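Asker: One structure, pasted below without further comment.
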Amino acid sequence: MTRPLREARIDLGAISRNVELLRTAADSPAMVVVKADGYGHGAVPAARAALEGGATWLGVVDLEEAMELRTAGVDAPLLAWIHDPATDFSIARENGVDVGVNYLEQLERVAAVGGGIRVQLKLDSGLGRNGVSAADWAAVVTRAAALERAGAIRVTGVFSHLSNAGSDADAAQAAIFTDAVDTVRAAGLEPEVVHLAATAAALDRPELRLDLVRIGIGAYGVAPDERELTGVRPAMELSAAIVSVKRVPAGQGVSYGFDHVTAEETTLALVPLGYADGVPRHASSRGQLTINGVRHHVAGRIAMDQFVVDVGDQPVAVGDRAVLFGDDRDGHPTARDWADAADTIGYEIVTRIGRRVTRTYTA
């Protein structure tokens, strides 16, 4: 079968194995986060693969993402934690989605739906993003307890997110979170799940695993930040067919601005992927790829739809496959390599792959 011109090949078996490996290493039940279209891998296939790997919960950002899963028949416990101010929360109640609550007014709007809608209270334990501020926590908990007694809501969970700013910062946040959970229980609430640790803390901080851990980027075989993940395998391989090959003389400028000029007679190969497809322009002249098993660098600037590779005298033909990143055990650069080339993180590399790139799936 002919492969797509631009392809992100997703190994669902790798996602399942990664989830199994990480949750086993953490010795804890796991919520696998499939937000942002499964970190670019496809939300529904990624969710099913995660459940196959033993995930007991799934996490998404908003109710639109949650409904994509529910519409596809994914019925696992599911949490969504960022909400449009105009959100109709009845859809969460009707579809059994836990709603992450971040401030008192939002709690009231969720509770107005009634019917025992499932709520997880999120604390801002120091990251400074969404979540109830520590100063407002007692008031929100007191109100949530009253609303639960009235039958409007059911407080099913309490959670927060670490800053990854170092062990001292993590410990400080953990202490704040522990006090916050004590406040919840003192109010007579009995949450089903209390969770704080994402991938890195799940592995490094056993005392923070609590009732479950949240596995995000690690499920897809990309290490969080600078950490190494032993045993996980990248689930995405990004490639494209070479669409043009030409022999050029020494002194040939390549791409906008002529940042690359050929030093001698050479062969230029054109790859039909660019920043519109998610290939970072900041990796111009730095990103690596393989063609026919040989490593090359991007030559010059990455354009919107294409970039050039100076392959020297290597035999390359139209139709050969250029692999930008995949599994380094197959000899390819990784998403981390491209992140380093673009001065960013692996998360951004996989999540920004655009819709012109066809996702294909293997088991």
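Ligands are numbered from 1 in the order shown, chains are lettered A, B, ... in the order of the structure tokens, and residues start at 1 in each chain.
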Using DSSP on the backbone coordinates, identify the residues of region 101-250 of chain A assigned to alpha helix (DSSP H); present them as a ChimeraX atom specification.
Answerer: /A:104-111,134-149,167-186,199-204
Asker: With only C-alpha atoms counted and 8 Å as the cut-off, give the residues of region 293-334 of chain A in contact with region 233-244 of chain A, each with its shortest interatomic distance in Å and the pair that gives it, as CSV.
Answerer:
residue,atom,partner,partner_atom,distance
A:Ala317,CA,A:Ile242,CA,7.2
A:Val318,CA,A:Ile242,CA,5.1
A:Gly319,CA,A:Ala241,CA,5.1
A:Asp320,CA,A:Ile242,CA,5.5
A:Arg321,CA,A:Ala241,CA,4.6
A:Ala322,CA,A:Ser239,CA,5.4
A:Val323,CA,A:Ser239,CA,4.2
A:Leu324,CA,A:Leu238,CA,5.6
A:Phe325,CA,A:Leu238,CA,5.5
A:Gly326,CA,A:Glu237,CA,4.1
A:Asp327,CA,A:Pro234,CA,5.6
A:Thr334,CA,A:Pro234,CA,7.9
Asker: Assign secondary structure with DSSP using the backbone only, and return the residues of region 106-307 of chain A in strand (DSSP E) as a VMD selection string.
Answerer: chain A and resid 117 to 122 153 to 159 193 to 195 213 to 215 236 to 241 244 to 248 253 to 254 260 to 261 266 to 271 288 to 291 294 to 299 307
Asker: What are the nearest atom pairs, with distances in Å to one decimal, for all residues of region 188-230 of chain A that come at most 7 Å from region 15-35 of chain A, using only C-alpha atoms, set out by chain and rising residue number as CSV?
Answerer:
residue,atom,partner,partner_atom,distance
A:Ala202,CA,A:Ala26,CA,5.7
A:Leu203,CA,A:Ala26,CA,5.4
A:Arg209,CA,A:Ser28,CA,6.8
A:Leu212,CA,A:Pro29,CA,4.8
A:Val213,CA,A:Ala30,CA,4.9
A:Arg214,CA,A:Met31,CA,4.7
A:Ile215,CA,A:Val32,CA,4.8
A:Gly216,CA,A:Val33,CA,4.9
A:Ala219,CA,A:Asn18,CA,5.3
A:Tyr220,CA,A:Ile15,CA,5.6
A:Gly221,CA,A:Asn18,CA,6.7
Asker: The selected residues should be written to file as a JSON list (two decimals), in the first residue's frame (atoms: C-alpha atoms).
Answerer:
[["chain", "number", "residue", "atom", "x", "y", "z"],
["A", 202, "ALA", "CA", 5.42, 9.53, 39.69],
["A", 203, "LEU", "CA", 8.80, 7.91, 39.11],
["A", 209, "ARG", "CA", 1.88, 9.00, 44.26],
["A", 212, "LEU", "CA", -3.16, 7.69, 41.41],
["A", 213, "VAL", "CA", -0.49, 9.25, 39.21],
["A", 214, "ARG", "CA", -1.02, 11.20, 36.01],
["A", 215, "ILE", "CA", 1.00, 9.98, 33.05],
["A", 216, "GLY", "CA", 1.27, 12.48, 30.21],
["A", 219, "ALA", "CA", 2.93, 7.53, 27.69],
["A", 220, "TYR", "CA", 4.01, 8.61, 24.22],
["A", 221, "GLY", "CA", 7.66, 7.71, 24.76]]
Asker: Interatomic distance between CA of Val155 (chain A) and CA of Glu68 (chain A)?
Answerer: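 Answer for the CA of Val155 (chain A) to CA of Glu68 (chain A) separation: 24.0 Å.
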Asker: In terms of the shortest atom-to-atom distance over only C-alpha atoms, which of A:Val181, A:Val101, A:Ala169, A:Val294 is closest to Pro85 (chain A)?
Answerer: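 Of all the options, A:Val101 lies closest to Pro85 (chain A).
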Asker: For a quick check of understanding, using only C-alpha atoms, which of A:Tyr361, A:Trp57, A:Phe177, A:Tyr347 has the smallest distance to Val97 (chain A)?
Answerer: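 Under the stated criterion, the closest residue is A:Trp57.
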Asker: Write out as a PyMOL selection string each polymer residue whose atoms come within 8 Å of Ala47 (chain A), counting only C-alpha atoms; drop sequence neighbours fewer than 2 positions from it.
Answerer: chain A and resi 32+34+38+43-45+49-51+58+69+74
Asker: How would the residues just picked look written out with C-alpha atoms as a JSON list (two decimals), in the first residue's frame?
Answerer:
[["chain", "number", "residue", "atom", "x", "y", "z"],
["A", 32, "VAL", "CA", -3.25, 8.84, 31.28],
["A", 34, "VAL", "CA", -4.84, 12.39, 26.22],
["A", 38, "GLY", "CA", -3.48, 12.71, 22.52],
["A", 43, "ALA", "CA", -7.01, 11.22, 21.21],
["A", 44, "VAL", "CA", -9.30, 8.23, 20.65],
["A", 45, "PRO", "CA", -6.63, 5.73, 19.53],
["A", 49, "ALA", "CA", -4.16, 2.13, 23.83],
["A", 50, "ALA", "CA", -3.70, 3.66, 27.29],
["A", 51, "LEU", "CA", -6.60, 1.65, 28.67],
["A", 58, "LEU", "CA", -8.15, 9.44, 31.37],
["A", 69, "LEU", "CA", -13.90, 10.29, 23.66],
["A", 74, "VAL", "CA", -14.68, 5.43, 25.48]]
Asker: Quick one: residues within 10 Å of region 298-302 of chain A, only C-alpha atoms, excluding same-chain residues fewer than 6 positions away - as an MDAnalysis selection string?
Answerer: chainID A and resid 253:262 268:271 273:275 279:289 308:311 324
Asker: Could you dump the residues just selected with C-alpha atoms as a tab-separated table (two decimals), in the first residue's frame?
Answerer:
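Result file follows (again-v2.tsv):
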chain	number	residue	atom	x	y	z
A	253	GLY	CA	22.54	29.06	-2.12
A	254	VAL	CA	19.83	27.05	-0.43
A	255	SER	CA	16.45	28.33	0.81
A	256	TYR	CA	15.57	31.82	2.01
A	257	GLY	CA	18.47	34.05	2.94
A	258	PHE	CA	21.08	31.60	1.65
A	259	ASP	CA	22.03	30.60	5.20
A	260	HIS	CA	23.39	27.45	3.61
A	261	VAL	CA	25.65	27.60	0.55
A	262	THR	CA	27.01	24.40	-0.96
A	268	LEU	CA	19.92	18.55	-2.77
A	269	ALA	CA	16.79	16.64	-1.70
A	270	LEU	CA	13.48	18.36	-0.99
A	271	VAL	CA	11.30	17.24	1.93
A	273	LEU	CA	7.30	19.27	5.48
A	274	GLY	CA	7.55	22.76	6.92
A	275	TYR	CA	6.52	24.90	9.81
A	279	VAL	CA	8.41	21.33	11.88
A	280	PRO	CA	9.99	24.09	13.96
A	281	ARG	CA	11.61	26.89	11.96
A	282	HIS	CA	14.04	27.38	14.85
A	283	ALA	CA	15.59	24.04	13.89
A	284	SER	CA	16.74	25.46	10.52
A	285	SER	CA	20.24	24.20	9.66
A	286	ARG	CA	20.20	22.19	12.91
A	287	GLY	CA	17.49	19.54	12.72
A	288	GLN	CA	18.59	16.04	11.78
A	289	LEU	CA	16.83	13.32	9.81
A	308	VAL	CA	16.12	21.10	1.80
A	309	VAL	CA	18.69	18.46	2.71
A	310	ASP	CA	22.23	18.55	1.35
A	311	VAL	CA	22.95	14.83	0.96
A	324	LEU	CA	12.60	13.34	10.86
Asker: My list of candidates is A:Asp98, A:Ala175, A:Gly59, A:Asp182. Which is closest to Leu208 (chain A) when distances are computed with only C-alpha atoms?
Answerer: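 Closest residue, counting only C-alpha atoms: A:Ala175.
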Asker: Which of these residues is nearest to Ala339 (chain A), using only C-alpha atoms: A:Asp211, A:Asp179, A:Glu94, A:Asp225?
Answerer: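 Using only C-alpha atoms, the shortest distance to Ala339 (chain A) belongs to A:Asp225.
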Asker: Using only C-alpha atoms, which protein or nucleic acid residues come within 12 Å of Gly126 (chain A)? Drop anything in the same chain fewer than 3 positions from it, and give the result as JSON, numbers by chain.
Answerer: {"A": [122, 123, 129, 130, 131, 132, 133, 134, 135, 160, 161, 162, 163, 164, 165, 169, 170, 171, 172, 173, 174, 175, 176, 177]}
Asker: Would you kindly return, as a VMD selection string, each protein, DNA or RNA residue with an atom no farther than 7 Å from any atom of Val248 (chain A), considering only C-alpha atoms and excluding same-chain residues fewer than 3 positions away?
Answerer: chain A and resid 252 265 to 267
Asker: Taking N, CA and C atoms for each residue, export the selection above as a PDB file, in the first residue's frame.
Answerer:
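Saved the output as out_18.pdb:
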ATOM      1  N   GLN A 252      26.063  27.069  -4.554  1.00  0.00           N
ATOM      2  CA  GLN A 252      24.612  27.180  -4.692  1.00  0.00           C
ATOM      3  C   GLN A 252      23.987  27.571  -3.346  1.00  0.00           C
ATOM      4  N   GLU A 265      30.199  20.517  -5.342  1.00  0.00           N
ATOM      5  CA  GLU A 265      29.108  19.898  -6.088  1.00  0.00           C
ATOM      6  C   GLU A 265      28.433  18.873  -5.185  1.00  0.00           C
ATOM      7  N   THR A 266      27.118  18.903  -5.183  1.00  0.00           N
ATOM      8  CA  THR A 266      26.385  18.065  -4.231  1.00  0.00           C
ATOM      9  C   THR A 266      24.973  17.806  -4.730  1.00  0.00           C
ATOM     10  N   THR A 267      24.253  16.993  -3.989  1.00  0.00           N
ATOM     11  CA  THR A 267      22.853  16.688  -4.300  1.00  0.00           C
ATOM     12  C   THR A 267      21.958  17.295  -3.228  1.00  0.00           C
TER      13      THR A 267
END
Asker: Which neighbours of Glu190 (chain A) fall inside 10 Å, counting only C-alpha atoms, when residues of the same chain fewer than 5 positions from it are skipped, and could you give them as a PyMOL selection string?
Answerer: chain A and resi 145+154-158+181+184-185
Asker: What separation in Å, quoted to one decimal, exists between CA of Gly115 (chain A) and CA of Trp137 (chain A)?
Answerer: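 Here the two named atoms are 23.7 Å from each other.
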Asker: Under the rule that only C-alpha atoms are counted, which of A:Leu121, A:Arg93, A:Ile353, A:Ala276 is the nearest residue to Met67 (chain A)?
Answerer: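 Residue with the minimum atom-to-atom distance to Met67 (chain A): A:Arg93.
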Asker: Quick one: of A:Gly218, A:Gly293, A:Asp124, A:Glu64, who's nearest to Gly231 (chain A), counting only C-alpha atoms?
Answerer: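 Once distances to Gly231 (chain A) are computed over only C-alpha atoms, the minimum belongs to A:Gly218.
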